[in-house]
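> The file below is coords.cif, mmCIF, C-alpha atoms:
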```cif
data_entry
loop_
_atom_site.label_atom_id
_atom_site.label_comp_id
_atom_site.auth_asym_id
_atom_site.auth_seq_id
_atom_site.Cartn_x
_atom_site.Cartn_y
_atom_site.Cartn_z
CA MET A 25 7.16 37.28 29.31
CA LYS A 26 8.37 37.45 25.72
CA ILE A 27 5.57 36.59 23.30
CA LEU A 28 5.71 36.30 19.52
CA PHE A 29 2.69 36.22 17.25
CA ILE A 30 3.28 34.80 13.77
CA GLY A 31 0.58 36.20 11.54
CA VAL A 32 -1.00 39.62 11.96
CA VAL A 33 -4.69 38.72 12.28
CA PRO A 34 -7.48 40.43 14.28
CA LEU A 35 -7.53 37.72 16.96
CA ALA A 36 -3.78 38.07 17.53
CA LEU A 37 -4.07 41.85 17.81
CA GLU A 38 -6.92 41.50 20.30
CA VAL A 39 -4.91 39.13 22.47
CA ALA A 40 -1.82 41.32 22.18
CA ALA A 41 -3.81 44.34 23.36
CA SER A 42 -4.56 42.59 26.62
CA LEU A 43 -0.91 41.68 27.17
CA SER A 44 0.39 45.21 27.71
CA SER A 45 2.61 44.18 30.63
CA HIS A 46 4.46 41.70 28.43
CA GLU A 47 6.94 42.03 25.60
CA VAL A 48 4.91 41.34 22.47
CA SER A 49 6.24 41.13 18.89
CA PHE A 50 4.88 40.06 15.53
CA LEU A 51 6.28 38.27 12.49
CA ASP A 52 4.45 38.28 9.17
CA SER A 53 5.29 38.14 5.48
CA THR A 54 3.23 41.29 4.91
CA SER A 55 3.87 44.73 6.35
CA TYR A 56 1.14 46.21 8.59
CA ASP A 57 0.85 49.40 10.56
CA ILE A 58 0.46 47.99 14.06
CA PRO A 59 1.49 49.31 17.50
CA TYR A 60 3.92 46.42 18.10
CA PRO A 61 7.39 45.54 16.83
CA LEU A 62 6.89 43.70 13.53
CA VAL A 63 9.45 41.71 11.58
CA VAL A 64 8.39 41.49 7.95
CA GLY A 65 9.50 38.32 6.19
CA ASP A 66 8.58 34.76 5.31
CA PRO A 67 8.24 32.90 8.64
CA LEU A 68 9.46 29.71 6.96
CA ASP A 69 12.73 31.38 6.07
CA PRO A 70 15.36 30.39 8.66
CA LYS A 71 17.01 33.81 8.28
CA ASN A 72 13.88 35.49 9.62
CA LEU A 73 13.51 33.00 12.44
CA HIS A 74 17.14 33.54 13.46
CA TYR A 75 16.67 37.29 13.23
CA CYS A 76 13.65 37.07 15.55
CA LYS A 77 15.64 34.83 17.94
CA VAL A 78 12.59 32.60 18.20
CA ASN A 79 14.11 30.31 20.80
CA GLN A 80 14.21 33.21 23.28
CA TYR A 81 10.43 33.56 23.43
CA ASP A 82 8.37 32.15 26.29
CA HIS A 83 5.36 31.69 24.04
CA ILE A 84 4.88 31.69 20.29
CA PHE A 85 1.41 31.95 18.80
CA ILE A 86 0.96 30.79 15.19
CA MET A 87 -2.13 32.43 13.84
CA TYR A 88 -2.39 31.90 10.08
CA SER A 89 -5.68 31.03 8.42
CA LYS A 90 -4.25 27.95 6.71
CA ASP A 91 -3.80 24.97 9.00
CA GLU A 92 -1.09 23.36 6.87
CA MET A 93 1.02 26.51 7.21
CA ASN A 94 0.44 26.62 10.97
CA LEU A 95 1.44 22.97 11.35
CA VAL A 96 4.60 23.29 9.28
CA LEU A 97 5.65 26.28 11.36
CA ALA A 98 4.83 24.48 14.60
CA SER A 99 7.00 21.49 13.63
CA LEU A 100 9.83 23.73 12.54
CA LEU A 101 9.80 25.86 15.69
CA LYS A 102 9.49 22.92 18.06
CA PHE A 103 11.95 20.49 16.53
CA GLU A 104 14.45 22.78 14.85
CA TYR A 105 14.43 25.73 17.24
CA ASN A 106 13.34 24.04 20.49
CA VAL A 107 10.75 26.68 21.32
CA THR A 108 9.22 25.85 24.70
CA SER A 109 5.59 26.81 24.19
CA ILE A 110 3.94 26.69 20.79
CA ASN A 111 0.30 27.73 20.54
CA VAL A 112 -1.38 27.11 17.23
CA LEU A 113 -4.62 28.40 15.76
CA LEU A 114 -6.97 25.66 14.59
CA ASN A 115 -9.06 26.86 11.67
CA SER A 116 -11.01 23.72 10.83
CA HIS A 117 -12.16 21.13 13.33
CA GLN A 118 -11.64 18.44 10.73
CA HIS A 119 -7.92 19.06 11.13
CA LEU A 120 -7.86 18.58 14.89
CA TRP A 121 -6.27 15.12 14.59
CA LEU A 122 -3.11 16.77 13.26
CA TYR A 123 -2.73 19.15 16.20
CA THR A 124 -0.56 16.88 18.29
CA PRO A 125 2.84 17.10 19.99
CA ILE A 126 4.20 15.01 17.11
CA MET A 127 3.50 18.01 14.88
CA GLY A 128 5.05 20.39 17.41
CA VAL A 129 1.78 21.66 18.87
CA ASP A 130 1.78 22.36 22.63
CA HIS A 131 -1.55 24.18 22.86
CA ILE A 132 -4.43 24.50 20.43
CA ILE A 133 -6.17 27.82 19.96
CA ASP A 134 -9.58 26.62 18.95
CA SER A 135 -11.48 29.76 17.97
CA LEU A 136 -14.71 27.85 17.41
CA GLN A 137 -14.51 26.33 20.89
CA ILE A 138 -13.72 29.71 22.45
CA ILE A 139 -16.76 31.29 20.80
CA LYS A 140 -18.94 28.34 21.77
CA ASN A 141 -17.85 28.54 25.40
CA THR A 142 -18.43 32.29 25.48
CA VAL A 143 -21.91 31.93 24.05
CA LEU A 144 -22.78 29.11 26.45
CA LYS A 145 -21.44 31.13 29.40
CA GLU A 146 -23.55 34.10 28.38
CA LEU A 147 -26.62 31.92 27.97
CA LEU A 148 -26.14 30.25 31.34
CA ASN A 149 -25.66 33.59 33.06
CA GLU A 150 -28.95 34.92 31.73
CA MET B 25 3.62 -2.34 -2.48
CA LYS B 26 0.55 -0.42 -1.39
CA ILE B 27 1.06 3.22 -2.26
CA MET B 28 -1.09 6.32 -1.81
CA ILE B 29 -0.38 9.29 -4.08
CA ILE B 30 -1.85 12.56 -2.88
CA GLY B 31 -2.20 15.10 -5.68
CA ALA B 32 -3.20 14.11 -9.21
CA GLN B 33 -1.48 16.70 -11.33
CA ARG B 34 1.15 15.67 -13.86
CA THR B 35 3.57 14.26 -11.31
CA GLY B 36 0.89 12.34 -9.44
CA LYS B 37 -0.63 10.90 -12.59
CA GLY B 38 2.80 10.03 -14.00
CA LEU B 39 3.78 8.24 -10.83
CA TYR B 40 0.44 6.47 -10.78
CA ARG B 41 0.94 5.11 -14.30
CA GLN B 42 4.51 4.00 -13.65
CA LEU B 43 3.70 2.32 -10.37
CA ARG B 44 0.59 0.61 -11.72
CA ASN B 45 2.64 -0.70 -14.63
CA GLY B 46 4.98 -2.12 -12.02
CA HIS B 47 1.99 -3.99 -10.55
CA HIS B 48 1.82 -1.98 -7.38
CA ASP B 49 -1.45 -1.36 -5.57
CA VAL B 50 -1.87 2.41 -5.98
CA LEU B 51 -4.49 4.97 -4.94
CA LEU B 52 -4.52 8.47 -6.41
CA LEU B 53 -6.24 11.27 -4.47
CA ASP B 54 -7.07 14.83 -5.40
CA GLU B 55 -9.29 17.64 -4.16
CA ASP B 56 -10.05 18.69 -7.70
CA GLN B 57 -12.64 16.50 -9.39
CA ASN B 58 -11.54 17.87 -12.78
CA GLU B 59 -8.26 15.98 -12.45
CA PHE B 60 -10.27 12.76 -12.82
CA ASN B 61 -12.42 13.72 -15.78
CA ASN B 62 -13.14 11.06 -18.35
CA THR B 63 -12.12 8.14 -16.20
CA ASN B 64 -13.91 5.55 -14.13
CA ASP B 65 -10.80 4.11 -12.53
CA PRO B 66 -11.81 3.11 -8.99
CA ALA B 67 -8.28 3.91 -7.80
CA PHE B 68 -8.93 7.62 -8.49
CA ILE B 69 -10.44 9.17 -5.40
CA HIS B 70 -11.89 12.64 -5.15
CA VAL B 71 -11.52 14.12 -1.64
CA LYS B 72 -12.91 17.38 -0.29
CA ASP B 73 -10.07 18.17 2.09
CA TYR B 74 -6.58 16.65 2.12
CA LEU B 75 -6.28 17.28 5.86
CA ASN B 76 -9.44 15.39 6.78
CA GLN B 77 -8.50 12.31 8.79
CA GLU B 78 -11.35 10.26 7.35
CA VAL B 79 -9.71 10.40 3.92
CA TYR B 80 -6.89 8.29 5.30
CA THR B 81 -8.68 6.04 7.75
CA SER B 82 -11.33 5.09 5.20
CA HIS B 83 -8.59 4.04 2.78
CA HIS B 84 -6.65 2.05 5.38
CA ILE B 85 -3.64 4.31 5.64
CA GLN B 86 -2.11 2.03 8.27
CA GLU B 87 -1.75 -0.67 5.60
CA MET B 88 0.13 1.55 3.17
CA ASP B 89 3.79 0.93 2.47
CA ALA B 90 4.31 4.43 1.18
CA ILE B 91 2.64 7.78 0.63
CA ILE B 92 3.74 10.37 -1.90
CA ALA B 93 2.45 13.91 -1.33
CA CYS B 94 2.68 15.85 -4.58
CA THR B 95 -0.04 18.47 -4.41
CA LYS B 96 0.58 22.02 -5.64
CA ASN B 97 1.08 23.18 -2.04
CA ASP B 98 4.52 22.63 -0.44
CA GLU B 99 3.27 23.13 3.11
CA MET B 100 0.45 20.67 2.52
CA ASN B 101 2.89 18.08 1.18
CA ALA B 102 5.20 18.52 4.15
CA VAL B 103 2.39 18.25 6.71
CA LEU B 104 0.90 15.17 5.07
CA ALA B 105 4.23 13.38 4.77
CA ARG B 106 5.23 14.13 8.35
CA SER B 107 1.85 13.40 9.93
CA LEU B 108 1.15 10.17 8.06
CA LYS B 109 4.67 8.94 8.71
CA TYR B 110 4.60 9.60 12.44
CA LEU B 111 0.91 9.27 13.32
CA TYR B 112 0.16 6.23 11.15
CA LYS B 113 3.66 4.79 10.93
CA VAL B 114 3.67 4.70 7.13
CA PRO B 115 7.19 3.37 6.40
CA LYS B 116 7.95 5.68 3.48
CA ALA B 117 6.57 9.19 3.17
CA ILE B 118 7.79 11.48 0.43
CA ALA B 119 6.92 15.16 -0.05
CA PHE B 120 7.40 17.06 -3.28
CA ILE B 121 8.67 20.55 -2.51
CA GLN B 122 8.73 23.08 -5.34
CA LYS B 123 10.76 25.69 -3.46
CA PRO B 124 14.27 24.22 -3.21
CA GLU B 125 15.26 26.56 -0.38
CA GLU B 126 12.55 24.99 1.78
CA ALA B 127 13.26 21.36 0.92
CA HIS B 128 16.14 21.09 3.38
CA ILE B 129 14.00 22.61 6.15
CA TYR B 130 11.46 19.85 5.79
CA GLN B 131 14.20 17.24 5.59
CA LYS B 132 15.33 18.39 9.01
CA LEU B 133 11.82 17.58 10.20
CA GLY B 134 12.21 13.98 9.14
CA VAL B 135 10.39 14.40 5.82
CA GLN B 136 11.91 12.80 2.74
CA THR B 137 11.67 15.55 0.16
CA ILE B 138 11.95 15.70 -3.61
CA SER B 139 12.54 19.09 -5.17
CA PRO B 140 11.86 18.94 -8.94
CA THR B 141 13.44 22.37 -9.33
CA SER B 142 16.69 21.28 -7.68
CA LEU B 143 16.77 18.04 -9.65
CA GLY B 144 16.26 19.96 -12.89
CA ILE B 145 19.03 22.43 -12.08
CA LYS B 146 21.40 19.63 -11.11
CA LYS B 147 20.69 17.76 -14.33
CA VAL B 148 21.29 20.81 -16.51
CA ILE B 149 24.57 21.55 -14.72
CA GLU B 150 25.66 17.96 -15.20
CA ILE B 151 24.82 18.06 -18.90
CA LEU B 152 26.64 21.35 -19.38
CA LEU B 153 29.74 20.75 -17.31
CA TYR B 154 30.51 17.06 -17.12
CA GLU B 155 31.45 14.61 -19.79
CA THR B 156 32.23 11.03 -19.00
CA LYS B 157 33.36 7.88 -20.69
CA GLY B 158 31.22 5.99 -18.21
CA SER B 159 31.81 3.53 -15.50
CA ILE B 160 34.91 1.43 -16.05
CA TYR B 161 34.56 -0.88 -13.11
CA GLN B 162 31.91 -1.50 -10.52
CA PHE B 163 32.91 -2.93 -7.19
CA LEU B 164 30.88 -5.53 -5.28
CA ASP B 165 27.36 -4.14 -4.85
CA HIS B 166 27.87 -1.43 -7.49
CA SER B 167 27.79 1.26 -4.83
CA ILE B 168 31.38 2.19 -5.67
CA GLN B 169 32.56 2.72 -9.23
CA MET B 170 35.71 3.64 -11.07
CA VAL B 171 34.84 6.33 -13.60
CA CYS B 172 36.77 7.99 -16.42
CA ILE B 173 35.85 11.59 -17.22
CA LYS B 174 37.13 14.49 -19.25
CA ALA B 175 38.23 17.19 -16.81
CA PRO B 176 35.08 19.17 -15.96
CA VAL B 177 35.36 22.92 -16.45
CA LEU B 178 34.87 23.52 -12.75
CA TRP B 179 37.78 21.23 -11.86
CA ILE B 180 40.40 22.93 -14.02
CA SER B 181 43.12 24.76 -12.06
CA HIS B 182 42.18 23.00 -8.83
CA THR B 183 44.42 20.55 -7.00
CA VAL B 184 43.59 16.88 -6.54
CA GLN B 185 43.46 17.47 -2.80
CA HIS B 186 40.89 20.24 -3.28
CA LEU B 187 38.70 18.10 -5.53
CA SER B 188 38.77 14.89 -3.52
CA ILE B 189 35.95 14.30 -1.09
CA GLN B 190 37.06 12.17 1.81
CA SER B 191 35.46 8.70 1.76
CA HIS B 192 33.39 9.59 -1.33
CA LEU B 193 35.47 10.69 -4.30
CA SER B 194 39.12 10.00 -4.94
CA ILE B 195 41.14 10.90 -8.05
CA ILE B 196 43.51 8.02 -8.72
CA LEU B 197 44.87 8.55 -12.25
CA VAL B 198 45.31 11.42 -14.67
CA GLU B 199 45.94 11.13 -18.40
CA ARG B 200 47.70 14.18 -19.84
CA ASN B 201 49.24 14.45 -23.30
CA HIS B 202 48.82 10.68 -23.77
CA GLN B 203 50.69 9.95 -20.56
CA LEU B 204 49.13 8.33 -17.57
CA PHE B 205 50.31 9.18 -14.07
CA ILE B 206 49.25 8.86 -10.45
CA PRO B 207 48.56 12.37 -9.24
CA LEU B 208 49.90 13.87 -6.06
CA GLU B 209 47.62 15.82 -3.76
CA THR B 210 49.23 18.94 -5.18
CA THR B 211 48.67 18.00 -8.84
CA VAL B 212 46.66 20.69 -10.60
CA ILE B 213 43.99 19.56 -13.07
CA GLU B 214 44.45 21.02 -16.55
CA GLU B 215 42.18 21.46 -19.53
CA ASN B 216 41.95 18.29 -21.67
CA ASP B 217 43.08 16.05 -18.82
CA THR B 218 41.30 12.75 -18.57
CA ILE B 219 40.62 11.77 -14.99
CA TYR B 220 40.04 8.39 -13.46
CA CYS B 221 38.35 8.46 -10.11
CA ILE B 222 36.73 6.21 -7.57
CA VAL B 223 33.33 7.46 -6.53
CA ASP B 224 30.55 6.18 -4.34
CA GLU B 225 26.80 6.17 -4.85
CA ALA B 226 26.17 9.43 -3.04
CA TYR B 227 28.57 11.43 -5.17
CA LYS B 228 28.44 9.70 -8.53
CA HIS B 229 26.14 12.42 -9.87
CA LEU B 230 29.21 14.66 -9.86
CA VAL B 231 30.95 12.57 -12.45
CA LEU B 232 28.45 10.30 -14.17
CA GLU B 233 26.49 11.58 -17.11
CA THR B 234 24.31 9.36 -19.23
CA LYS B 235 24.42 11.24 -22.54
#
```
If you took the structure in this file and wrote it as structure tokens, what would it be?

Amino acid sequence: MKILFIGVVPLALEVAASLSSHEVSFLDSTSYDIPYPLVVGDPLDPKNLHYCKVNQYDHIFIMYSKDEMNLVLASLLKFEYNVTSINVLLNSHQHLWLYTPIMGVDHIIDSLQIIKNTVLKELLNE
Amino acid sequence: MKIMIIGAQRTGKGLYRQLRNGHHDVLLLDEDQNEFNNTNDPAFIHVKDYLNQEVYTSHHIQEMDAIIACTKNDEMNAVLARSLKYLYKVPKAIAFIQKPEEAHIYQKLGVQTISPTSLGIKKVIEILLYETKGSIYQFLDHSIQMVCIKAPVLWISHTVQHLSIQSHLSIILVERNHQLFIPLETTVIEENDTIYCIVDEAYKHLVLETK
């Protein structure tokens, strides 16, 4: 599968590390030294999105720490570029109401929920 | 109209004053309490987080006729305009976008955008390059006007065909050396020509100047 992460953040790098059998790339406005192909540029700039050929990806993960940025990107990628699977990081639970298909969100990456589930699983296994 | 303005900087406050003077029912929201210093106006509402749903449900967003998002953050304005328009069916949702290159992106997403930078640039260009004698005749609903202008610098040396915009702007008369004539498509506009054209609402900014 072709997978694009928008935003070089620790969680994205962790997930990417476990996807070694897939074609993983990154897009970010800042340059980082990472072991994956990285396009450096503003993700809201259509030139960069065209350059990345975003519509050719099976999954795109939007991982910025600001929910408004994530939602704008989700809408743009879904409705302007017809990306099939858009997965968006939710930073604040108070913003959950905005994470809907109307805003271009296919799947929510709820870090708080993931941590909660992991902790509960560990507790139940003890 | 019931209007919610999100962002109480200069634009938000200016809009608030104008709309209140027009007897509209207006709420003004901001995350920064300092924007509301020295006022007890109950229409000024301090919110902790623009993206918190309760901000909108508690102020009956579904009853609003319009929302105007004019915070300092373009992405925030775009998200609020789009979400409130589509999730709460607010009939008019406008987002202020400072970066003109991004305004058209958000427009593609169904967001009505206003770019103060673009408007400012357009106005300066109009002031510098266009001079008009004003509207000579307005047809029916005023959406189409006949306008007389001194040949704009950018039009000189171009043909009438090149300058006309199909269904929007049509050059019908040219006055040159005190002689009036109906131009051909191949007529080239010269310096000091006076041009009479028919123009519609969408393109009148190209020829109308209020100075």
> Applying the PyMOL selection byres ((chain B) within 9 of (chain A)) to the file I just gave you, which residues come out? Please list them as a list in words.
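Evaluating the PyMOL selection byres ((chain B) within 9 of (chain A)) on this file yields Asp73, Leu75, Asn76, Gln77, Glu78, Glu99, Met100, Asn101, Ala102, Val103, Leu104, Arg106, Ser107, Tyr110, Leu111, Glu125, Glu126, Ile129, Tyr130, Lys132 and Leu133 of chain B.
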> With 6 Å as the threshold, what does the neighbourhood of (-9.6, 28.8, 17.8) contain in terms of residues, counting all atoms listed in the file? Coordinates are those of the file; answer as a PDB file with C-alpha atoms, keeping the file's coordinate frame.

```pdb
ATOM      1  CA  LEU A 113      -4.620  28.400  15.760  1.00  0.00           C
ATOM      2  CA  LEU A 114      -6.970  25.660  14.590  1.00  0.00           C
ATOM      3  CA  ILE A 133      -6.170  27.820  19.960  1.00  0.00           C
ATOM      4  CA  ASP A 134      -9.580  26.620  18.950  1.00  0.00           C
ATOM      5  CA  SER A 135     -11.480  29.760  17.970  1.00  0.00           C
ATOM      6  CA  LEU A 136     -14.710  27.850  17.410  1.00  0.00           C
TER       7      LEU A 136
END
```
> Skip Gln169 in chain B itself and residues of its chain fewer than 4 positions away, then list as JSON, numbers by chain all residues within 9 Å of it, counting all atoms listed in the file.
{"B": [159, 160, 161, 162, 163, 221, 222, 223, 224, 225, 228]}
> Running the PyMOL selection byres ((chain B and resi 35-45) around 12) on this model by hand, what would come out? Give it as a ChimeraX atom specification.
/B:25-34,46-54,59-60,65,67-68,90-96,119-122,138-140
> For the file shown, report as an NGL selection string the outcome of the PyMOL selection byres ((chain A and resi 36) around 12) at residue level.
:A and (27-35 or 37-43 or 48-52 or 58 or 60 or 84-89 or 111-113 or 133 or 135)
> Would you compute, for all listed atoms of range 46-55 of chain A, the axis-aligned bounding box grown by 8 Å on each side, and then report its centre and edge lengths in Å rounded to one decimal, as lines of an AutoDock Vina configuration file?

```
center_x = 5.1
center_y = 41.4
center_z = 16.7
size_x = 19.7
size_y = 22.6
size_z = 39.5
```
> What is the distance, in Å and to one decimal place, between CA of His84 in chain B and CA of Asn64 in chain B?
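One can read the CA of His84 in chain B to CA of Asn64 in chain B distance as 21.1 Å.
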> May I ask which of the residues B:His182, B:Asn201, B:Ala105, B:Leu187 is the closest one to Ile213 in chain B, counting all atoms listed in the file?
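That would be B:His182, the residue with the smallest distance to Ile213 in chain B.
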> Excluding Thr54 in chain A and its own-chain neighbours fewer than 4 positions away, which residues fall within 10 Å of it when counting only C-alpha atoms? Please give them as a PyMOL selection string.
chain A and resi 31-32+62-66
> With all atoms listed in the file as the atoms that count, which of B:His128, B:Lys109, B:Lys72, B:Lys116 lies nearest to Asp89 in chain B?
B:Lys116
> Between CA of Tyr81 in chain A and CA of His46 in chain A, what is the spacing in Å?
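Rounded to one decimal, the two atoms are 11.3 Å apart.
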> List the spatial neighbours of Val107 in chain A as a ChimeraX atom specification - criterion: any atom at most 7 Å away, all atoms listed in the file, same-chain residues fewer than 3 positions off excluded.
/A:78-79,101-102,110
> Hey, can you check how far CA of Tyr80 in chain B sits from CA of Lys123 in chain B?
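Distance reported for this atom pair: 26.3 Å.
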> Rank B:Met170, B:Ile145, B:Ala226, B:Ile195 by their smallest atom-to-atom distance to Thr211 in chain B, using all atoms listed in the file, and report the top residue only.
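Closest candidate: B:Ile195.
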